[in-house]
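Trainee: Got my_file02.txt for you, compact mmCIF, N, CA and C atoms:
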# COMPACT_ATOMS: atom_id res chain seq x y z
N MET A 1 -40.06 13.21 29.07
CA MET A 1 -39.28 14.40 28.87
C MET A 1 -38.65 14.86 30.18
N ILE A 2 -37.62 15.67 30.02
CA ILE A 2 -36.94 16.23 31.19
C ILE A 2 -37.61 17.54 31.53
N THR A 3 -37.92 17.66 32.77
CA THR A 3 -38.54 18.91 33.20
C THR A 3 -37.48 20.00 33.29
N PRO A 4 -37.83 21.24 33.09
CA PRO A 4 -36.85 22.33 33.14
C PRO A 4 -36.15 22.44 34.50
N ALA A 5 -36.79 22.03 35.59
CA ALA A 5 -36.16 22.14 36.90
C ALA A 5 -34.95 21.20 36.99
N PHE A 6 -35.08 20.00 36.44
CA PHE A 6 -33.95 19.07 36.48
C PHE A 6 -32.89 19.40 35.45
N ALA A 7 -33.25 19.99 34.36
CA ALA A 7 -32.30 20.32 33.30
C ALA A 7 -31.34 21.41 33.73
N ASN A 8 -31.75 22.31 34.60
CA ASN A 8 -30.90 23.41 35.01
C ASN A 8 -29.92 23.03 36.13
N THR A 9 -30.20 22.00 36.85
CA THR A 9 -29.29 21.62 37.94
C THR A 9 -28.12 20.83 37.37
N SER A 10 -26.97 21.13 37.86
CA SER A 10 -25.77 20.39 37.42
C SER A 10 -25.13 19.76 38.64
N ALA A 11 -24.43 18.67 38.44
CA ALA A 11 -23.76 18.00 39.55
C ALA A 11 -22.57 18.85 40.00
N GLN A 12 -22.40 18.93 41.28
CA GLN A 12 -21.27 19.70 41.81
C GLN A 12 -19.99 18.89 41.65
N SER A 13 -18.96 19.54 41.17
CA SER A 13 -17.70 18.84 41.02
C SER A 13 -16.97 18.81 42.36
N PRO A 14 -16.29 17.71 42.65
CA PRO A 14 -15.57 17.63 43.92
C PRO A 14 -14.43 18.64 43.96
N SER A 15 -14.05 19.00 45.15
CA SER A 15 -12.98 19.99 45.30
C SER A 15 -11.66 19.42 44.79
N LEU A 16 -10.72 20.30 44.57
CA LEU A 16 -9.42 19.90 44.06
C LEU A 16 -8.72 18.94 45.02
N MET A 17 -8.85 19.19 46.31
CA MET A 17 -8.22 18.32 47.32
C MET A 17 -8.81 16.92 47.26
N MET A 18 -10.10 16.80 47.09
CA MET A 18 -10.74 15.49 47.03
C MET A 18 -10.35 14.73 45.77
N GLN A 19 -9.99 15.44 44.70
CA GLN A 19 -9.55 14.78 43.48
C GLN A 19 -8.15 14.20 43.64
N PHE A 20 -7.28 14.88 44.39
CA PHE A 20 -5.91 14.41 44.58
C PHE A 20 -5.73 13.50 45.78
N LEU A 21 -6.72 13.38 46.63
CA LEU A 21 -6.61 12.56 47.83
C LEU A 21 -6.27 11.10 47.52
N PRO A 22 -6.89 10.45 46.55
CA PRO A 22 -6.49 9.07 46.25
C PRO A 22 -5.03 8.95 45.81
N LEU A 23 -4.54 9.90 45.04
CA LEU A 23 -3.14 9.86 44.63
C LEU A 23 -2.20 10.03 45.81
N ILE A 24 -2.56 10.90 46.73
CA ILE A 24 -1.75 11.11 47.93
C ILE A 24 -1.72 9.85 48.78
N ILE A 25 -2.85 9.21 48.91
CA ILE A 25 -2.93 7.97 49.70
C ILE A 25 -2.10 6.87 49.06
N ILE A 26 -2.17 6.73 47.74
CA ILE A 26 -1.38 5.71 47.03
C ILE A 26 0.10 5.99 47.20
N PHE A 27 0.52 7.24 47.09
CA PHE A 27 1.93 7.57 47.28
C PHE A 27 2.39 7.24 48.70
N ALA A 28 1.56 7.54 49.69
CA ALA A 28 1.91 7.24 51.08
C ALA A 28 2.06 5.73 51.28
N ILE A 29 1.18 4.95 50.70
CA ILE A 29 1.28 3.50 50.82
C ILE A 29 2.56 2.99 50.18
N PHE A 30 2.88 3.47 48.98
CA PHE A 30 4.11 3.07 48.32
C PHE A 30 5.32 3.47 49.14
N TYR A 31 5.31 4.66 49.72
CA TYR A 31 6.45 5.12 50.50
C TYR A 31 6.69 4.22 51.70
N PHE A 32 5.64 3.93 52.46
CA PHE A 32 5.82 3.16 53.69
C PHE A 32 5.99 1.67 53.45
N LEU A 33 5.50 1.15 52.35
CA LEU A 33 5.63 -0.29 52.11
C LEU A 33 6.79 -0.66 51.19
N LEU A 34 7.24 0.26 50.34
CA LEU A 34 8.30 -0.07 49.39
C LEU A 34 9.55 0.78 49.53
N ILE A 35 9.41 2.07 49.48
CA ILE A 35 10.57 2.96 49.42
C ILE A 35 11.33 2.99 50.74
N ARG A 36 10.64 3.22 51.84
CA ARG A 36 11.30 3.35 53.14
C ARG A 36 12.02 2.07 53.57
N PRO A 37 11.41 0.87 53.45
CA PRO A 37 12.15 -0.33 53.82
C PRO A 37 13.39 -0.57 52.95
N GLN A 38 13.30 -0.24 51.67
CA GLN A 38 14.46 -0.41 50.79
C GLN A 38 15.59 0.53 51.20
N GLN A 39 15.27 1.77 51.56
CA GLN A 39 16.30 2.70 52.01
C GLN A 39 16.95 2.21 53.30
N LYS A 40 16.15 1.62 54.18
CA LYS A 40 16.67 1.11 55.44
C LYS A 40 17.62 -0.06 55.20
N ARG A 41 17.25 -0.97 54.30
CA ARG A 41 18.13 -2.10 53.97
C ARG A 41 19.43 -1.62 53.33
N ALA A 42 19.35 -0.64 52.47
CA ALA A 42 20.55 -0.11 51.81
C ALA A 42 21.48 0.54 52.83
N LYS A 43 20.92 1.24 53.79
CA LYS A 43 21.73 1.88 54.83
C LYS A 43 22.41 0.82 55.70
N GLU A 44 21.68 -0.23 56.09
CA GLU A 44 22.27 -1.30 56.90
C GLU A 44 23.38 -2.01 56.13
N HIS A 45 23.19 -2.24 54.84
CA HIS A 45 24.21 -2.90 54.02
C HIS A 45 25.46 -2.03 53.91
N ARG A 46 25.26 -0.73 53.69
CA ARG A 46 26.38 0.20 53.60
C ARG A 46 27.18 0.21 54.91
N GLU A 47 26.49 0.22 56.05
CA GLU A 47 27.18 0.21 57.35
C GLU A 47 27.92 -1.10 57.56
N LYS A 48 27.34 -2.21 57.10
CA LYS A 48 27.98 -3.52 57.24
C LYS A 48 29.26 -3.57 56.41
N ILE A 49 29.22 -3.02 55.20
CA ILE A 49 30.39 -3.02 54.33
C ILE A 49 31.49 -2.13 54.91
N GLU A 50 31.11 -1.00 55.49
CA GLU A 50 32.10 -0.09 56.06
C GLU A 50 32.76 -0.66 57.32
N SER A 51 32.10 -1.62 57.97
CA SER A 51 32.63 -2.15 59.22
C SER A 51 33.43 -3.44 59.03
N ILE A 52 33.84 -3.74 57.80
CA ILE A 52 34.63 -4.95 57.54
C ILE A 52 36.00 -4.81 58.19
N ASN A 53 36.41 -5.86 58.89
CA ASN A 53 37.73 -5.88 59.54
C ASN A 53 38.49 -7.12 59.07
N VAL A 54 39.79 -7.12 59.33
CA VAL A 54 40.62 -8.28 59.00
C VAL A 54 40.14 -9.46 59.83
N GLY A 55 39.99 -10.60 59.16
CA GLY A 55 39.55 -11.82 59.84
C GLY A 55 38.08 -12.13 59.62
N ASP A 56 37.29 -11.18 59.13
CA ASP A 56 35.88 -11.43 58.86
C ASP A 56 35.73 -12.32 57.62
N MET A 57 34.66 -13.08 57.59
CA MET A 57 34.32 -13.87 56.41
C MET A 57 33.35 -13.05 55.57
N VAL A 58 33.56 -13.01 54.25
CA VAL A 58 32.71 -12.24 53.35
C VAL A 58 32.21 -13.13 52.21
N ILE A 59 31.07 -12.75 51.66
CA ILE A 59 30.52 -13.41 50.47
C ILE A 59 30.29 -12.33 49.43
N THR A 60 30.77 -12.57 48.21
CA THR A 60 30.60 -11.59 47.14
C THR A 60 29.36 -11.92 46.32
N SER A 61 28.97 -10.98 45.48
CA SER A 61 27.81 -11.21 44.62
C SER A 61 28.08 -12.29 43.59
N GLY A 62 29.34 -12.61 43.32
CA GLY A 62 29.69 -13.69 42.41
C GLY A 62 29.73 -15.04 43.07
N GLY A 63 29.53 -15.08 44.39
CA GLY A 63 29.49 -16.35 45.11
C GLY A 63 30.82 -16.74 45.73
N ILE A 64 31.80 -15.86 45.69
CA ILE A 64 33.10 -16.17 46.30
C ILE A 64 33.00 -15.92 47.79
N LYS A 65 33.46 -16.90 48.55
CA LYS A 65 33.44 -16.81 50.01
C LYS A 65 34.88 -16.90 50.49
N GLY A 66 35.27 -15.99 51.39
CA GLY A 66 36.63 -16.02 51.86
C GLY A 66 36.85 -15.20 53.11
N LYS A 67 38.07 -15.24 53.60
CA LYS A 67 38.47 -14.55 54.82
C LYS A 67 39.25 -13.30 54.46
N VAL A 68 38.90 -12.18 55.08
CA VAL A 68 39.53 -10.89 54.78
C VAL A 68 40.95 -10.87 55.34
N LYS A 69 41.90 -10.53 54.46
CA LYS A 69 43.30 -10.42 54.86
C LYS A 69 43.75 -8.97 55.01
N ARG A 70 43.25 -8.08 54.14
CA ARG A 70 43.63 -6.67 54.21
C ARG A 70 42.47 -5.82 53.72
N VAL A 71 42.27 -4.67 54.38
CA VAL A 71 41.18 -3.76 54.03
C VAL A 71 41.77 -2.44 53.57
N GLU A 72 41.31 -1.98 52.39
CA GLU A 72 41.70 -0.68 51.86
C GLU A 72 40.44 0.17 51.69
N ASP A 73 40.58 1.33 51.08
CA ASP A 73 39.44 2.23 50.92
C ASP A 73 38.35 1.65 50.03
N THR A 74 38.71 1.20 48.85
CA THR A 74 37.69 0.74 47.90
C THR A 74 37.70 -0.76 47.67
N ASP A 75 38.76 -1.44 48.08
CA ASP A 75 38.81 -2.87 47.86
C ASP A 75 39.44 -3.58 49.05
N ILE A 76 39.33 -4.91 49.04
CA ILE A 76 39.88 -5.72 50.12
C ILE A 76 40.59 -6.93 49.52
N ASP A 77 41.54 -7.48 50.25
CA ASP A 77 42.19 -8.72 49.86
C ASP A 77 41.53 -9.84 50.65
N VAL A 78 41.12 -10.89 49.92
CA VAL A 78 40.40 -12.00 50.54
C VAL A 78 41.12 -13.29 50.21
N GLU A 79 41.32 -14.14 51.23
CA GLU A 79 41.90 -15.46 51.03
C GLU A 79 40.76 -16.43 50.79
N ILE A 80 40.71 -17.00 49.58
CA ILE A 80 39.62 -17.91 49.24
C ILE A 80 40.03 -19.37 49.39
N ALA A 81 41.33 -19.63 49.43
CA ALA A 81 41.87 -20.97 49.67
C ALA A 81 43.27 -20.77 50.25
N SER A 82 43.88 -21.85 50.66
CA SER A 82 45.22 -21.75 51.22
C SER A 82 46.17 -21.20 50.16
N GLN A 83 46.85 -20.11 50.49
CA GLN A 83 47.81 -19.45 49.61
C GLN A 83 47.17 -18.82 48.36
N VAL A 84 45.86 -18.61 48.35
CA VAL A 84 45.18 -18.00 47.21
C VAL A 84 44.45 -16.76 47.70
N ASP A 85 44.99 -15.58 47.34
CA ASP A 85 44.38 -14.31 47.71
C ASP A 85 43.85 -13.61 46.46
N VAL A 86 42.69 -12.99 46.61
CA VAL A 86 42.12 -12.20 45.51
C VAL A 86 41.78 -10.82 46.04
N LYS A 87 41.82 -9.84 45.14
CA LYS A 87 41.45 -8.47 45.49
C LYS A 87 40.01 -8.27 45.03
N ILE A 88 39.15 -7.85 45.94
CA ILE A 88 37.72 -7.70 45.66
C ILE A 88 37.30 -6.27 45.95
N ILE A 89 36.48 -5.72 45.06
CA ILE A 89 35.93 -4.38 45.27
C ILE A 89 34.84 -4.47 46.34
N LYS A 90 34.86 -3.54 47.29
CA LYS A 90 33.92 -3.58 48.41
C LYS A 90 32.46 -3.58 47.98
N SER A 91 32.14 -2.90 46.89
CA SER A 91 30.74 -2.80 46.49
C SER A 91 30.16 -4.14 46.00
N THR A 92 31.02 -5.14 45.73
CA THR A 92 30.51 -6.44 45.29
C THR A 92 30.20 -7.37 46.45
N ILE A 93 30.49 -6.97 47.67
CA ILE A 93 30.24 -7.82 48.83
C ILE A 93 28.76 -7.74 49.20
N ILE A 94 28.15 -8.92 49.39
CA ILE A 94 26.74 -8.93 49.76
C ILE A 94 26.50 -9.31 51.20
N ASP A 95 27.47 -9.98 51.84
CA ASP A 95 27.28 -10.35 53.24
C ASP A 95 28.61 -10.39 53.97
N VAL A 96 28.58 -10.04 55.24
CA VAL A 96 29.76 -10.06 56.10
C VAL A 96 29.41 -10.86 57.33
N MET A 97 30.24 -11.88 57.60
CA MET A 97 30.07 -12.69 58.80
C MET A 97 31.24 -12.41 59.73
N LYS A 98 30.92 -11.91 60.91
CA LYS A 98 31.99 -11.54 61.85
C LYS A 98 32.72 -12.79 62.32
N LYS A 99 33.88 -12.57 62.94
CA LYS A 99 34.74 -13.66 63.40
C LYS A 99 33.99 -14.64 64.27
Before we go any further, please render this structure as structure tokens.

Mentor:
Amino acid sequence: MITPAFANTSAQSPSLMMQFLPLIIIFAIFYFLLIRPQQKRAKEHREKIESINVGDMVITSGGIKGKVKRVEDTDIDVEIASQVDVKIIKSTIIDVMKK
């Protein structure tokens, strides 16, 4: 049988901060290992796209590789072969290789 002394004692519940501490730690790990590096890569890509100049080689997400002939606000003209120019939207460019 349970003695009355043990029956009256109850386990103390952890404080509210101690209950949320594992969630805070998990969020911090996700932030520093996933979210922050992705934001940094996106910023570097955005800066690379904004710095495109005439004469640079670009690669699009569709796999088209060519030389920049003209730069506008939202799109660029790219020469993909001799006498073959295409107009490409800047947001589709995945890589820029300088002259």

Trainee: For Ala81 in chain A, which residue among A:Ile35, A:Val96, A:Val54, A:Lys67 is the nearest when counting all atoms listed in the file?

Mentor: A:Lys67

Trainee: Let's see if you can do this: from backbone DSSP, list all strand (DSSP E) residues in chain A, as a ChimeraX atom specification.

Mentor: /A:57-60,65-71,75-81,84-89,93-97

Trainee: For Thr74 in chain A, list every protein, DNA or RNA residue within 8 Å, evaluated using only N, CA and C atoms, and leave out those in the same chain fewer than 4 positions away; present the list as a list in words.

Mentor: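 The neighbour list is Ile88, Ile89, Lys90 and Ser91 of chain A.
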
Trainee: Within 9 Å of Val58 in chain A, counting only C-alpha atoms, which residues qualify if same-chain residues fewer than 4 places away don't, as an MDAnalysis selection string?

Mentor: chainID A and resid 52 64:68 78 93:98

Trainee: In terms of the shortest atom-to-atom distance over only C-alpha atoms, which of A:Ala28, A:Leu23, A:Met18, A:Ile80 is closest to Met57 in chain A?

Mentor: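 For Met57 in chain A, the nearest of the given residues is A:Ile80.
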
Trainee: If I take CA of Thr92 in chain A and CA of Ile59 in chain A, how far is one from the other in Å, to one decimal?

Mentor: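 Atom-to-atom, CA of Thr92 in chain A and CA of Ile59 in chain A are spaced 8.7 Å apart.
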
Trainee: Enter the distance from atom C of Val86 in chain A to CA of Thr60 in chain A, in Å, rounded to one decimal.

Mentor: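 It comes out at 11.3 Å.
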
Trainee: Just list the residues in chain A DSSP gives alpha helix (DSSP H) on the backbone, as a VMD selection string.

Mentor: chain A and resid 4 to 8 16 to 30 36 to 50
